[in-house]
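Asks: The structure under discussion is supplied below as structure tokens; questions concerning it will follow.
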Amino acid sequence: MTQSSKGIWGFRGELLSVSRDPHHHPDAVRHEPDGLLVVEDGIVVARGDHATLAPRYPGLAITHLPGLIVPGFIDAHVHYAQMDHIASHGEQLLDWLDRHIFPAEKAFAERAHSDRTATLFLDELLRNGTTSALVFPTVHAHSVDALFDAALRRNMRILSGKILMDLGPDGLADTVDSGREESDSLIRRWRGRGRLGYAVTPRFALTSSDAQLQVAGALLADHPDVLLHTHLAENVRECAAVADRFPQAQDYLDVYDRFGLVGDRSVFAHGVHLSDSACTRLAQSGAGIAVCPSSNLFLGSGFFDFTQADAHRVRIGLGTDVGAGTSFSLLHTSGLAYQAALARGTPLDPFRALYLATAGSAALLHIDDRVGGLEPGQEADFVLLDSNATPLLARRTANATLAERLFALQILGDDRVIARTYIMGQCAWDRQGIAS
């Protein structure tokens with residue numbers, strides 16, 4: 001059925017969410033085999049067993065959703081400007097950037113190209129069940145405007161910010177002054193609009209001068225409600241280059257720390273090659289890592305060390321990192337996270353994988369009060385998963401327990417299992433081609 005943006009209605013089906021990290025909180029899994037989600041004006045107002053909760057809402061219009069209802073996926077690190085160069089052959093990180101990505105991002109000097117790509121990008125997120133994301137645009141200020149305009153039209157919770165890179169290649173570099181002025185202007189222009197958030201975004205340590213890194217720290221100090229979004233310790237050669245440029249720094253993280261960029265609102269992508277001292281500092285500061293296993297495998301960067309992060313209680317979420325990542329699907333990405341963790345001797349529990357793709361990423365992005373758990377008071381962003389989407393999945397899950405079914409979806413699932421995606425209680429994408 002079709003709901004308006006106002007009013008109260010219900011969704012009946014199997015509900016599953018994991019609002020806290022089950023590695024540390026074994027009781028964090030919430031599951032109602034026959035549940036009822038009550039939504040008013042886009043906000044969850046009640047959730048529970050259907051037989052118990054339904055009598056409290058006589059006459060409630062209820063939509064029955066056959067499948068598994070989980071919170072909308074939250075991508076903690078993804079590049080919208082790179083989507084057209086996903087699956088670009090050859091090279092590890094630094095050469096891959098020079099050969100494929102920097103030329104692709106130069107095309108965003110044209111606003112119309114930014115608009116077209118942003119539209120396709122957000123549609124692809126919804127098709128894969130992703131309802132919120134922290135997004136890298138380009139150095140061009142209007143690449144942020146294009147993304148935010150498209151997100152406003154879809155009522156999506158999107159966070160982004162103009163890339164700062166005054167040491168970038170010709171045609172893709174700003175200056176210390178322009179980076180500061182454009183970032184400040186974007187923050188003031190978009191603050192408080194829709195479900196949008198801003199992130200100060202130096203690309204990584206090698207593409208900004210010391211002066212620009214100082215500007216990034218000043219922007220964070222001036223605007224305490226924004227995030228810091230950048231890359232950290234992704235690739236061995238990158239780490240060596242950072243060490244050569246900053247010989248006085250204790251490690252890669254310390255480079256950012258010296259410029260005031262390590263705090264509880266800092267999101268660092270990758271973190272594949274971290275020292276124990278860096279993990280200690282991350283945990284102390286409250287900063288966290290967006291783990292990107294698909295990208296790390298594709299570029300030959302290595303495997304994230306979940307055991308090390310857990311030992312230090314480092315906050316983590318999950319990112320697709322398209323275009324180094326090879327899929328927009330956080331289900332597929334969580335399947336690769338399982339393999340990456342196991343390669344270092346740590347099996348990743350399927351409930352924890354769901355947490356990382358939902359509430360874990362929400363906490364990393366400081367939006368867990370609004371999304372990620374399908375709890376009363378949160379926005380009703382959710383996804384309907386179909387475990388019968390392929391013959392193999394249907395056969396594998398026919399007599400499976402909940403954990404077995406969830407793990408099969410994690411390993412075998414992708415965009416095909418997304419039956420519907422809901423934004424604030426309204427169907428924003430339907431596999432059958434009918435969105436309300």
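Here's how to read the names in the structure tokens: chain A, B, ... by the order shown, residue numbers from 1 in each chain, ligand numbers from 1 in the order shown.
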Env of segment 130-135 of chain A: 7 Å cut, atoms = only C-alpha atoms, seq-sep filter 6 positions within chain, self excluded. Answer as a list of chain:residue names.
Replies: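 My list of contacting residues is A:Gly72, A:Phe73, A:Ile74, A:Asp75, A:Ala76, A:His77, A:Val78, A:His79, A:Tyr80, A:Met156, A:Arg157, A:Ile158, A:Leu159, A:Ser160, A:Asp381, A:Ile423.
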Asks: Segment 74-171 of chain A: which residues are helix (DSSP H, G or I) by DSSP, as JSON, numbers by chain?
Replies: {"A": [80, 81, 82, 83, 84, 85, 93, 94, 95, 96, 97, 98, 99, 100, 101, 102, 103, 104, 105, 106, 107, 108, 109, 111, 112, 113, 114, 115, 116, 117, 118, 119, 120, 121, 122, 123, 124, 125, 126, 127, 141, 142, 143, 144, 145, 146, 147, 148, 149, 150, 151, 152, 153, 154]}
Asks: Using only C-alpha atoms, please write the residues we just selected to a file, as a PDB file, in the first residue's frame.
Replies:
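Saved file again.pdb follows:
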```
ATOM      1  CA  TYR A  80      30.301   9.006  -5.415  1.00  0.00           C
ATOM      2  CA  ALA A  81      32.644  10.588  -7.944  1.00  0.00           C
ATOM      3  CA  GLN A  82      34.366   7.260  -8.551  1.00  0.00           C
ATOM      4  CA  MET A  83      31.322   5.148  -9.413  1.00  0.00           C
ATOM      5  CA  ASP A  84      31.939   5.303 -13.164  1.00  0.00           C
ATOM      6  CA  HIS A  85      35.417   3.854 -12.649  1.00  0.00           C
ATOM      7  CA  LEU A  93      46.460   2.643  -4.437  1.00  0.00           C
ATOM      8  CA  LEU A  94      48.763   5.507  -5.453  1.00  0.00           C
ATOM      9  CA  ASP A  95      49.167   4.442  -9.085  1.00  0.00           C
ATOM     10  CA  TRP A  96      45.448   3.592  -9.300  1.00  0.00           C
ATOM     11  CA  LEU A  97      44.600   7.131  -8.207  1.00  0.00           C
ATOM     12  CA  ASP A  98      46.896   8.675 -10.820  1.00  0.00           C
ATOM     13  CA  ARG A  99      45.810   6.368 -13.634  1.00  0.00           C
ATOM     14  CA  HIS A 100      42.065   6.098 -13.100  1.00  0.00           C
ATOM     15  CA  ILE A 101      40.605   8.275 -10.367  1.00  0.00           C
ATOM     16  CA  PHE A 102      42.132  11.728 -10.657  1.00  0.00           C
ATOM     17  CA  PRO A 103      41.256  11.934 -14.382  1.00  0.00           C
ATOM     18  CA  ALA A 104      37.699  10.800 -13.573  1.00  0.00           C
ATOM     19  CA  GLU A 105      37.259  13.422 -10.851  1.00  0.00           C
ATOM     20  CA  LYS A 106      38.353  16.246 -13.149  1.00  0.00           C
ATOM     21  CA  ALA A 107      35.099  15.758 -15.076  1.00  0.00           C
ATOM     22  CA  PHE A 108      33.234  17.098 -12.016  1.00  0.00           C
ATOM     23  CA  ALA A 109      34.374  20.589 -12.903  1.00  0.00           C
ATOM     24  CA  ARG A 111      28.072  20.974 -12.569  1.00  0.00           C
ATOM     25  CA  ALA A 112      25.801  19.041 -14.933  1.00  0.00           C
ATOM     26  CA  HIS A 113      28.105  16.014 -14.723  1.00  0.00           C
ATOM     27  CA  SER A 114      27.983  16.240 -10.928  1.00  0.00           C
ATOM     28  CA  ASP A 115      24.185  16.350 -10.983  1.00  0.00           C
ATOM     29  CA  ARG A 116      23.864  13.336 -13.290  1.00  0.00           C
ATOM     30  CA  THR A 117      26.307  11.261 -11.273  1.00  0.00           C
ATOM     31  CA  ALA A 118      24.797  12.190  -7.906  1.00  0.00           C
ATOM     32  CA  THR A 119      21.351  11.138  -9.130  1.00  0.00           C
ATOM     33  CA  LEU A 120      22.581   7.764 -10.353  1.00  0.00           C
ATOM     34  CA  PHE A 121      24.704   7.258  -7.241  1.00  0.00           C
ATOM     35  CA  LEU A 122      21.867   7.765  -4.766  1.00  0.00           C
ATOM     36  CA  ASP A 123      19.557   5.561  -6.816  1.00  0.00           C
ATOM     37  CA  GLU A 124      22.218   2.846  -6.674  1.00  0.00           C
ATOM     38  CA  LEU A 125      22.456   3.199  -2.893  1.00  0.00           C
ATOM     39  CA  LEU A 126      18.707   2.732  -2.530  1.00  0.00           C
ATOM     40  CA  ARG A 127      18.731  -0.260  -4.870  1.00  0.00           C
ATOM     41  CA  ALA A 141      32.327  22.792  -4.173  1.00  0.00           C
ATOM     42  CA  HIS A 142      29.407  22.206  -6.526  1.00  0.00           C
ATOM     43  CA  SER A 143      30.007  18.442  -6.330  1.00  0.00           C
ATOM     44  CA  VAL A 144      28.739  18.760  -2.756  1.00  0.00           C
ATOM     45  CA  ASP A 145      25.817  20.936  -3.829  1.00  0.00           C
ATOM     46  CA  ALA A 146      24.823  18.371  -6.463  1.00  0.00           C
ATOM     47  CA  LEU A 147      24.941  15.490  -3.980  1.00  0.00           C
ATOM     48  CA  PHE A 148      23.014  17.368  -1.284  1.00  0.00           C
ATOM     49  CA  ASP A 149      20.385  18.587  -3.741  1.00  0.00           C
ATOM     50  CA  ALA A 150      19.782  15.009  -4.896  1.00  0.00           C
ATOM     51  CA  ALA A 151      19.695  13.741  -1.303  1.00  0.00           C
ATOM     52  CA  LEU A 152      17.152  16.393  -0.314  1.00  0.00           C
ATOM     53  CA  ARG A 153      14.843  15.238  -3.085  1.00  0.00           C
ATOM     54  CA  ARG A 154      15.017  11.672  -1.735  1.00  0.00           C
TER      55      ARG A 154
END
```
Asks: Pick the closest to Gly317 of chain A from A:Leu356, A:Ala337, A:Cys279, A:Leu261: which is it, counting only C-alpha atoms?
Replies: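 Under the stated criterion, the closest residue is A:Leu356.
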Asks: Might you pull out every residue within 12 Å of Asp310 of chain A, with only C-alpha atoms counted and same-chain residues fewer than 6 positions away left off, and present them as number ranges by chain?
Replies: A: 21-24, 276, 279-280, 282-283, 288-289, 304, 316, 341, 346, 348
Asks: If we count only C-alpha atoms and set the cut-off at 12 Å, which residues sit around segment 61-65 of chain A, ignoring sequence neighbours fewer than 2 positions away in its own chain? Please answer as an mmCIF file with N, CA and C atoms, in the first residue's frame.
Replies:
```
data_model
loop_
_atom_site.group_PDB
_atom_site.id
_atom_site.type_symbol
_atom_site.label_atom_id
_atom_site.label_comp_id
_atom_site.auth_asym_id
_atom_site.auth_seq_id
_atom_site.Cartn_x
_atom_site.Cartn_y
_atom_site.Cartn_z
ATOM 1 N N MET A 1 0.836 -1.196 0.000
ATOM 2 C CA MET A 1 0.000 0.000 0.000
ATOM 3 C C MET A 1 0.872 1.247 0.000
ATOM 4 N N THR A 2 0.292 2.381 -0.305
ATOM 5 C CA THR A 2 1.019 3.641 -0.361
ATOM 6 C C THR A 2 0.686 4.482 0.867
ATOM 7 N N GLN A 3 1.750 4.994 1.520
ATOM 8 C CA GLN A 3 1.541 5.875 2.665
ATOM 9 C C GLN A 3 1.908 7.297 2.289
ATOM 10 N N GLY A 7 0.915 11.024 9.066
ATOM 11 C CA GLY A 7 -0.029 10.029 9.533
ATOM 12 C C GLY A 7 0.665 8.887 10.250
ATOM 13 N N ILE A 8 -0.132 7.888 10.639
ATOM 14 C CA ILE A 8 0.387 6.748 11.382
ATOM 15 C C ILE A 8 -0.018 5.468 10.678
ATOM 16 N N TRP A 9 0.895 4.536 10.590
ATOM 17 C CA TRP A 9 0.636 3.255 9.943
ATOM 18 C C TRP A 9 1.575 2.208 10.522
ATOM 19 N N GLY A 10 1.352 0.964 10.155
ATOM 20 C CA GLY A 10 2.154 -0.119 10.701
ATOM 21 C C GLY A 10 2.713 -1.020 9.620
ATOM 22 N N PHE A 11 3.796 -1.703 9.960
ATOM 23 C CA PHE A 11 4.420 -2.706 9.093
ATOM 24 C C PHE A 11 4.566 -3.990 9.894
ATOM 25 N N ARG A 12 4.008 -5.055 9.370
ATOM 26 C CA ARG A 12 4.065 -6.336 10.054
ATOM 27 C C ARG A 12 5.005 -7.280 9.305
ATOM 28 N N GLY A 13 5.874 -7.941 10.056
ATOM 29 C CA GLY A 13 6.791 -8.890 9.458
ATOM 30 C C GLY A 13 7.853 -9.299 10.466
ATOM 31 N N GLU A 14 8.841 -10.034 9.988
ATOM 32 C CA GLU A 14 9.940 -10.469 10.853
ATOM 33 C C GLU A 14 10.932 -9.322 10.995
ATOM 34 N N LEU A 15 11.160 -8.873 12.228
ATOM 35 C CA LEU A 15 12.023 -7.723 12.504
ATOM 36 C C LEU A 15 13.322 -8.185 13.143
ATOM 37 N N ASP A 34 7.341 -12.411 14.441
ATOM 38 C CA ASP A 34 6.120 -11.807 13.905
ATOM 39 C C ASP A 34 5.958 -10.461 14.592
ATOM 40 N N GLY A 35 6.639 -9.464 14.043
ATOM 41 C CA GLY A 35 6.714 -8.175 14.710
ATOM 42 C C GLY A 35 5.825 -7.126 14.072
ATOM 43 N N LEU A 36 5.671 -6.032 14.789
ATOM 44 C CA LEU A 36 4.916 -4.876 14.295
ATOM 45 C C LEU A 36 5.755 -3.632 14.533
ATOM 46 N N LEU A 37 5.934 -2.856 13.460
ATOM 47 C CA LEU A 37 6.627 -1.580 13.521
ATOM 48 C C LEU A 37 5.595 -0.494 13.272
ATOM 49 N N VAL A 38 5.396 0.385 14.246
ATOM 50 C CA VAL A 38 4.416 1.456 14.125
ATOM 51 C C VAL A 38 5.152 2.758 13.837
ATOM 52 N N VAL A 39 4.758 3.401 12.734
ATOM 53 C CA VAL A 39 5.453 4.596 12.246
ATOM 54 C C VAL A 39 4.478 5.762 12.185
ATOM 55 N N GLU A 40 4.888 6.890 12.745
ATOM 56 C CA GLU A 40 4.078 8.107 12.680
ATOM 57 C C GLU A 40 4.938 9.238 12.140
ATOM 58 N N HIS A 50 3.697 -8.594 17.280
ATOM 59 C CA HIS A 50 2.443 -8.141 16.692
ATOM 60 C C HIS A 50 1.256 -8.438 17.589
ATOM 61 N N ALA A 54 -0.386 -4.923 18.591
ATOM 62 C CA ALA A 54 -1.486 -4.504 17.713
ATOM 63 C C ALA A 54 -2.728 -4.034 18.461
ATOM 64 N N TYR A 57 -3.271 -0.367 19.051
ATOM 65 C CA TYR A 57 -3.503 0.517 17.914
ATOM 66 C C TYR A 57 -4.683 0.010 17.087
ATOM 67 N N PRO A 58 -5.889 0.047 17.645
ATOM 68 C CA PRO A 58 -7.051 -0.439 16.896
ATOM 69 C C PRO A 58 -7.284 0.405 15.640
ATOM 70 N N GLY A 59 -7.576 -0.257 14.548
ATOM 71 C CA GLY A 59 -7.827 0.435 13.298
ATOM 72 C C GLY A 59 -6.580 0.860 12.547
ATOM 73 N N GLY A 67 9.352 -11.352 4.439
ATOM 74 C CA GLY A 67 10.800 -11.304 4.342
ATOM 75 C C GLY A 67 11.381 -10.896 5.682
ATOM 76 N N LEU A 68 12.633 -10.510 5.690
ATOM 77 C CA LEU A 68 13.313 -10.091 6.910
ATOM 78 C C LEU A 68 13.514 -8.581 6.869
ATOM 79 N N ILE A 69 12.945 -7.881 7.854
ATOM 80 C CA ILE A 69 13.030 -6.425 7.928
ATOM 81 C C ILE A 69 14.198 -6.053 8.830
ATOM 82 N N VAL A 70 15.163 -5.329 8.278
ATOM 83 C CA VAL A 70 16.324 -4.877 9.044
ATOM 84 C C VAL A 70 16.476 -3.368 8.861
ATOM 85 N N PHE A 382 14.369 1.480 6.662
ATOM 86 C CA PHE A 382 14.566 0.034 6.786
ATOM 87 C C PHE A 382 14.530 -0.637 5.429
ATOM 88 N N VAL A 383 14.945 -1.909 5.440
ATOM 89 C CA VAL A 383 15.095 -2.684 4.214
ATOM 90 C C VAL A 383 14.398 -4.023 4.385
ATOM 91 N N LEU A 384 13.763 -4.483 3.332
ATOM 92 C CA LEU A 384 13.137 -5.801 3.313
ATOM 93 C C LEU A 384 14.041 -6.750 2.522
ATOM 94 N N LEU A 385 14.557 -7.784 3.220
ATOM 95 C CA LEU A 385 15.450 -8.754 2.602
ATOM 96 C C LEU A 385 14.680 -10.014 2.222
ATOM 97 N N ASP A 386 14.965 -10.523 1.042
ATOM 98 C CA ASP A 386 14.291 -11.716 0.522
ATOM 99 C C ASP A 386 15.293 -12.860 0.432
ATOM 100 N N ALA A 419 14.381 -6.490 -1.517
ATOM 101 C CA ALA A 419 13.035 -6.452 -2.086
ATOM 102 C C ALA A 419 12.476 -5.029 -2.087
ATOM 103 N N ARG A 420 12.693 -4.303 -0.980
ATOM 104 C CA ARG A 420 12.240 -2.915 -0.874
ATOM 105 C C ARG A 420 13.172 -2.138 0.045
ATOM 106 N N THR A 421 13.275 -0.855 -0.219
ATOM 107 C CA THR A 421 14.002 0.066 0.644
ATOM 108 C C THR A 421 13.048 1.183 1.057
ATOM 109 N N TYR A 422 12.973 1.429 2.365
ATOM 110 C CA TYR A 422 12.069 2.448 2.903
ATOM 111 C C TYR A 422 12.867 3.603 3.504
ATOM 112 N N GLY A 425 9.698 5.517 6.477
ATOM 113 C CA GLY A 425 8.420 4.829 6.373
ATOM 114 C C GLY A 425 7.797 4.814 4.997
ATOM 115 N N GLN A 426 8.441 5.408 4.006
ATOM 116 C CA GLN A 426 7.915 5.420 2.648
ATOM 117 C C GLN A 426 8.797 4.591 1.731
ATOM 118 N N CYS A 427 8.191 3.822 0.881
ATOM 119 C CA CYS A 427 8.937 2.973 -0.036
ATOM 120 C C CYS A 427 9.660 3.845 -1.067
#
```
